[in-house]
Amino acid sequence: MKIAVIIVRILLGLMFAFASISFFFKLMPEPAMTGNAKIFMEGIAASVYLVPTAKVFELLCAIAFLSGRFVALASVVIFPIMLNILMFHIFMDPSGIGMAAVLMLMNLFLAYYYRDKYTALFVSK
């Protein structure tokens, strides 16, 4: 189980590091979109701050995944971003749903492995 956790967190870290670094350094052209996906992405881009903020959090979580430090925290922080990626592909661009589902399953696997770290969050005082 420990080896699987290492493999999953390294893969997640590499994928998010690549995505955020390629965004900041403009290493890859943005894919052409049509229909509702294009309208949605134009709206997100119009906010100006949202995509760069998400990419900063992706990079910070990637560093945490790759270093093996604060992995439980990174898993929680990256979850809303991954959920949005998954929902985008479910409702607007089904062509990328496979990778989005794999990313979500990998994050859920890490959350399950580190579940003992989250118990304090659910204690009512």
# chains A, B, ... in the order shown; residues from 1 in each chain; ligands from 1
>>> closest_atom_pairs(of="stretch 36-70 of chain A", to="stretch 4-13 of chain A", cutoff="8 Å", atoms="only C-alpha atoms", output="tab-separated table")
residue	atom	partner	partner_atom	distance
A:Cys61	CA	A:Gly13	CA	7.1
A:Ala62	CA	A:Gly13	CA	4.0
A:Ile63	CA	A:Gly13	CA	6.6
A:Ala64	CA	A:Gly13	CA	7.5
A:Phe65	CA	A:Gly13	CA	4.9
A:Leu66	CA	A:Gly13	CA	5.2
A:Gly68	CA	A:Arg9	CA	7.7
>>> residues_around(residues="A:Arg115", least_positions_apart="5", cutoff="12 Å", atoms="only C-alpha atoms", output="PyMOL selection string")
chain A and resi 71-73+75-76+107-110+120-122
>>> closest_residue(among="A:Ile85, A:Asp116, A:Lys26, A:Ile39", to="A:Ala54", atoms="only C-alpha atoms")
A:Ile85
>>> residues_around(residues="A:Leu86", least_positions_apart="4", cutoff="12 Å", atoms="only C-alpha atoms", output="PyMOL selection string")
chain A and resi 79-82+90-105
>>> closest_residue(among="A:Leu60, A:Ala37, A:Ala45, A:Ala111", to="A:His89", atoms="only C-alpha atoms")
A:Ala37
>>> atom_distance(atom1="atom CA of A:Pro52", atom2="atom CA of A:Phe24")
8.1 Å
>>> atom_distance(atom1="atom CA of A:Phe70", atom2="atom CA of A:Tyr114")
10.5 Å
>>> closest_residue(among="A:Leu27, A:Ile44, A:Ile21, A:Met87", to="A:Phe57", atoms="only C-alpha atoms")
A:Ile21
>>> atom_distance(atom1="atom CA of A:Ser20", atom2="atom CA of A:Met41")
16.6 Å
>>> closest_residue(among="A:Val48, A:Met1, A:Tyr113, A:Lys55", to="A:Phe16", atoms="only C-alpha atoms")
A:Lys55
>>> closest_residue(among="A:Lys38, A:Ala46, A:Ser67, A:Thr53", to="A:Leu14", atoms="only C-alpha atoms")
A:Ser67
>>> select_by_dssp(residues="chain A", states="helix (DSSP H, G or I)", output="number ranges by chain")
A: 2-24, 35-46, 50-67, 71-91, 94-113, 115-122
>>> write_last_selection(atoms="C-alpha atoms", output="JSON list (two decimals), in the first residue's frame")
[["chain", "number", "residue", "atom", "x", "y", "z"],
["A", 2, "LYS", "CA", 2.85, 2.36, 0.82],
["A", 3, "ILE", "CA", 4.40, 1.94, -2.64],
["A", 4, "ALA", "CA", 1.02, 2.60, -4.29],
["A", 5, "VAL", "CA", 0.67, 5.82, -2.28],
["A", 6, "ILE", "CA", 4.12, 6.97, -3.37],
["A", 7, "ILE", "CA", 3.35, 6.21, -7.02],
["A", 8, "VAL", "CA", -0.03, 7.97, -6.90],
["A", 9, "ARG", "CA", 1.26, 11.10, -5.16],
["A", 10, "ILE", "CA", 4.25, 11.36, -7.53],
["A", 11, "LEU", "CA", 1.99, 11.00, -10.58],
["A", 12, "LEU", "CA", -0.43, 13.61, -9.24],
["A", 13, "GLY", "CA", 2.45, 15.91, -8.41],
["A", 14, "LEU", "CA", 3.97, 15.57, -11.86],
["A", 15, "MET", "CA", 0.66, 16.14, -13.64],
["A", 16, "PHE", "CA", -0.21, 19.25, -11.65],
["A", 17, "ALA", "CA", 3.35, 20.59, -11.83],
["A", 18, "PHE", "CA", 3.33, 20.19, -15.61],
["A", 19, "ALA", "CA", -0.10, 21.82, -15.93],
["A", 20, "SER", "CA", 0.77, 24.83, -13.79],
["A", 21, "ILE", "CA", 4.27, 25.37, -15.18],
["A", 22, "SER", "CA", 3.05, 25.09, -18.77],
["A", 23, "PHE", "CA", 0.34, 27.67, -17.94],
["A", 24, "PHE", "CA", 2.73, 30.19, -16.42],
["A", 35, "GLY", "CA", -20.16, 25.64, -27.53],
["A", 36, "ASN", "CA", -20.82, 25.84, -23.81],
["A", 37, "ALA", "CA", -17.25, 24.88, -22.93],
["A", 38, "LYS", "CA", -15.95, 27.91, -24.84],
["A", 39, "ILE", "CA", -18.46, 30.23, -23.20],
["A", 40, "PHE", "CA", -17.59, 28.85, -19.75],
["A", 41, "MET", "CA", -13.84, 29.22, -20.28],
["A", 42, "GLU", "CA", -14.27, 32.76, -21.64],
["A", 43, "GLY", "CA", -16.22, 33.64, -18.49],
["A", 44, "ILE", "CA", -13.54, 32.14, -16.26],
["A", 45, "ALA", "CA", -10.83, 33.99, -18.20],
["A", 46, "ALA", "CA", -12.80, 37.25, -17.92],
["A", 50, "LEU", "CA", -9.36, 32.82, -11.06],
["A", 51, "VAL", "CA", -7.19, 30.73, -13.39],
["A", 52, "PRO", "CA", -3.84, 32.08, -12.13],
["A", 53, "THR", "CA", -4.97, 31.54, -8.53],
["A", 54, "ALA", "CA", -6.01, 27.97, -9.26],
["A", 55, "LYS", "CA", -2.69, 27.34, -11.02],
["A", 56, "VAL", "CA", -0.75, 28.68, -8.02],
["A", 57, "PHE", "CA", -2.62, 26.28, -5.75],
["A", 58, "GLU", "CA", -2.01, 23.46, -8.24],
["A", 59, "LEU", "CA", 1.71, 24.22, -8.17],
["A", 60, "LEU", "CA", 1.83, 24.35, -4.36],
["A", 61, "CYS", "CA", -0.04, 21.06, -4.12],
["A", 62, "ALA", "CA", 2.23, 19.53, -6.75],
["A", 63, "ILE", "CA", 5.26, 20.51, -4.68],
["A", 64, "ALA", "CA", 3.63, 18.95, -1.62],
["A", 65, "PHE", "CA", 2.83, 15.74, -3.50],
["A", 66, "LEU", "CA", 6.31, 15.48, -4.96],
["A", 67, "SER", "CA", 8.09, 16.23, -1.69],
["A", 71, "VAL", "CA", 0.20, 15.45, 1.39],
["A", 72, "ALA", "CA", -3.03, 15.23, 3.41],
["A", 73, "LEU", "CA", -3.40, 19.02, 3.31],
["A", 74, "ALA", "CA", -2.59, 19.15, -0.40],
["A", 75, "SER", "CA", -5.21, 16.49, -1.07],
["A", 76, "VAL", "CA", -7.86, 18.62, 0.64],
["A", 77, "VAL", "CA", -6.76, 21.86, -1.03],
["A", 78, "ILE", "CA", -6.67, 20.39, -4.54],
["A", 79, "PHE", "CA", -10.03, 18.58, -4.17],
["A", 80, "PRO", "CA", -12.30, 21.52, -5.21],
["A", 81, "ILE", "CA", -10.10, 22.19, -8.24],
["A", 82, "MET", "CA", -10.24, 18.53, -9.25],
["A", 83, "LEU", "CA", -14.00, 18.41, -8.66],
["A", 84, "ASN", "CA", -14.43, 21.41, -10.96],
["A", 85, "ILE", "CA", -12.27, 19.73, -13.61],
["A", 86, "LEU", "CA", -14.39, 16.58, -13.35],
["A", 87, "MET", "CA", -17.70, 18.49, -13.50],
["A", 88, "PHE", "CA", -16.49, 20.52, -16.48],
["A", 89, "HIS", "CA", -15.76, 17.33, -18.39],
["A", 90, "ILE", "CA", -19.00, 15.64, -17.34],
["A", 91, "PHE", "CA", -21.26, 18.52, -18.34],
["A", 94, "PRO", "CA", -16.98, 14.74, -22.26],
["A", 95, "SER", "CA", -13.87, 14.03, -24.34],
["A", 96, "GLY", "CA", -11.56, 14.52, -21.34],
["A", 97, "ILE", "CA", -13.64, 12.74, -18.75],
["A", 98, "GLY", "CA", -11.31, 9.73, -18.56],
["A", 99, "MET", "CA", -8.30, 11.67, -17.32],
["A", 100, "ALA", "CA", -10.43, 13.79, -15.01],
["A", 101, "ALA", "CA", -11.95, 10.65, -13.45],
["A", 102, "VAL", "CA", -8.50, 9.09, -13.00],
["A", 103, "LEU", "CA", -7.24, 12.25, -11.29],
["A", 104, "MET", "CA", -10.23, 12.27, -8.95],
["A", 105, "LEU", "CA", -9.81, 8.59, -8.10],
["A", 106, "MET", "CA", -6.13, 9.14, -7.38],
["A", 107, "ASN", "CA", -6.95, 12.01, -5.04],
["A", 108, "LEU", "CA", -9.68, 10.01, -3.32],
["A", 109, "PHE", "CA", -7.18, 7.17, -2.87],
["A", 110, "LEU", "CA", -4.75, 9.54, -1.15],
["A", 111, "ALA", "CA", -7.54, 10.98, 0.99],
["A", 112, "TYR", "CA", -8.52, 7.46, 2.04],
["A", 113, "TYR", "CA", -4.92, 6.58, 2.89],
["A", 115, "ARG", "CA", -8.04, 9.49, 6.52],
["A", 116, "ASP", "CA", -6.68, 9.39, 10.08],
["A", 117, "LYS", "CA", -5.28, 12.91, 9.57],
["A", 118, "TYR", "CA", -8.80, 14.26, 8.93],
["A", 119, "THR", "CA", -10.50, 12.96, 12.09],
["A", 120, "ALA", "CA", -9.80, 16.17, 14.02],
["A", 121, "LEU", "CA", -11.74, 18.13, 11.39],
["A", 122, "PHE", "CA", -14.94, 16.27, 12.25]]
>>> decode(residues="stretch 16-119 of chain A", atoms="C-alpha atoms", output="tab-separated table (two decimals), in the first residue's frame")
chain	number	residue	atom	x	y	z
A	16	PHE	CA	-0.21	19.25	-11.65
A	17	ALA	CA	3.35	20.59	-11.83
A	18	PHE	CA	3.33	20.19	-15.61
A	19	ALA	CA	-0.10	21.82	-15.93
A	20	SER	CA	0.77	24.83	-13.79
A	21	ILE	CA	4.27	25.37	-15.18
A	22	SER	CA	3.05	25.09	-18.77
A	23	PHE	CA	0.34	27.67	-17.94
A	24	PHE	CA	2.73	30.19	-16.42
A	25	PHE	CA	5.41	29.82	-19.09
A	26	LYS	CA	2.94	29.41	-21.99
A	27	LEU	CA	4.57	26.14	-23.07
A	28	MET	CA	1.46	24.74	-24.75
A	29	PRO	CA	-1.26	26.43	-26.79
A	30	GLU	CA	-4.71	26.44	-25.25
A	31	PRO	CA	-6.99	23.84	-26.84
A	32	ALA	CA	-9.72	25.10	-29.13
A	33	MET	CA	-13.17	24.79	-27.59
A	34	THR	CA	-16.67	25.19	-28.91
A	35	GLY	CA	-20.16	25.64	-27.53
A	36	ASN	CA	-20.82	25.84	-23.81
A	37	ALA	CA	-17.25	24.88	-22.93
A	38	LYS	CA	-15.95	27.91	-24.84
A	39	ILE	CA	-18.46	30.23	-23.20
A	40	PHE	CA	-17.59	28.85	-19.75
A	41	MET	CA	-13.84	29.22	-20.28
A	42	GLU	CA	-14.27	32.76	-21.64
A	43	GLY	CA	-16.22	33.64	-18.49
A	44	ILE	CA	-13.54	32.14	-16.26
A	45	ALA	CA	-10.83	33.99	-18.20
A	46	ALA	CA	-12.80	37.25	-17.92
A	47	SER	CA	-12.49	37.10	-14.14
A	48	VAL	CA	-8.71	37.56	-14.66
A	49	TYR	CA	-7.70	36.22	-11.22
A	50	LEU	CA	-9.36	32.82	-11.06
A	51	VAL	CA	-7.19	30.73	-13.39
A	52	PRO	CA	-3.84	32.08	-12.13
A	53	THR	CA	-4.97	31.54	-8.53
A	54	ALA	CA	-6.01	27.97	-9.26
A	55	LYS	CA	-2.69	27.34	-11.02
A	56	VAL	CA	-0.75	28.68	-8.02
A	57	PHE	CA	-2.62	26.28	-5.75
A	58	GLU	CA	-2.01	23.46	-8.24
A	59	LEU	CA	1.71	24.22	-8.17
A	60	LEU	CA	1.83	24.35	-4.36
A	61	CYS	CA	-0.04	21.06	-4.12
A	62	ALA	CA	2.23	19.53	-6.75
A	63	ILE	CA	5.26	20.51	-4.68
A	64	ALA	CA	3.63	18.95	-1.62
A	65	PHE	CA	2.83	15.74	-3.50
A	66	LEU	CA	6.31	15.48	-4.96
A	67	SER	CA	8.09	16.23	-1.69
A	68	GLY	CA	5.86	13.96	0.38
A	69	ARG	CA	5.24	16.71	2.92
A	70	PHE	CA	1.76	18.01	3.76
A	71	VAL	CA	0.20	15.45	1.39
A	72	ALA	CA	-3.03	15.23	3.41
A	73	LEU	CA	-3.40	19.02	3.31
A	74	ALA	CA	-2.59	19.15	-0.40
A	75	SER	CA	-5.21	16.49	-1.07
A	76	VAL	CA	-7.86	18.62	0.64
A	77	VAL	CA	-6.76	21.86	-1.03
A	78	ILE	CA	-6.67	20.39	-4.54
A	79	PHE	CA	-10.03	18.58	-4.17
A	80	PRO	CA	-12.30	21.52	-5.21
A	81	ILE	CA	-10.10	22.19	-8.24
A	82	MET	CA	-10.24	18.53	-9.25
A	83	LEU	CA	-14.00	18.41	-8.66
A	84	ASN	CA	-14.43	21.41	-10.96
A	85	ILE	CA	-12.27	19.73	-13.61
A	86	LEU	CA	-14.39	16.58	-13.35
A	87	MET	CA	-17.70	18.49	-13.50
A	88	PHE	CA	-16.49	20.52	-16.48
A	89	HIS	CA	-15.76	17.33	-18.39
A	90	ILE	CA	-19.00	15.64	-17.34
A	91	PHE	CA	-21.26	18.52	-18.34
A	92	MET	CA	-19.40	20.46	-21.03
A	93	ASP	CA	-16.54	18.51	-22.63
A	94	PRO	CA	-16.98	14.74	-22.26
A	95	SER	CA	-13.87	14.03	-24.34
A	96	GLY	CA	-11.56	14.52	-21.34
A	97	ILE	CA	-13.64	12.74	-18.75
A	98	GLY	CA	-11.31	9.73	-18.56
A	99	MET	CA	-8.30	11.67	-17.32
A	100	ALA	CA	-10.43	13.79	-15.01
A	101	ALA	CA	-11.95	10.65	-13.45
A	102	VAL	CA	-8.50	9.09	-13.00
A	103	LEU	CA	-7.24	12.25	-11.29
A	104	MET	CA	-10.23	12.27	-8.95
A	105	LEU	CA	-9.81	8.59	-8.10
A	106	MET	CA	-6.13	9.14	-7.38
A	107	ASN	CA	-6.95	12.01	-5.04
A	108	LEU	CA	-9.68	10.01	-3.32
A	109	PHE	CA	-7.18	7.17	-2.87
A	110	LEU	CA	-4.75	9.54	-1.15
A	111	ALA	CA	-7.54	10.98	0.99
A	112	TYR	CA	-8.52	7.46	2.04
A	113	TYR	CA	-4.92	6.58	2.89
A	114	TYR	CA	-4.53	9.72	5.02
A	115	ARG	CA	-8.04	9.49	6.52
A	116	ASP	CA	-6.68	9.39	10.08
A	117	LYS	CA	-5.28	12.91	9.57
A	118	TYR	CA	-8.80	14.26	8.93
A	119	THR	CA	-10.50	12.96	12.09
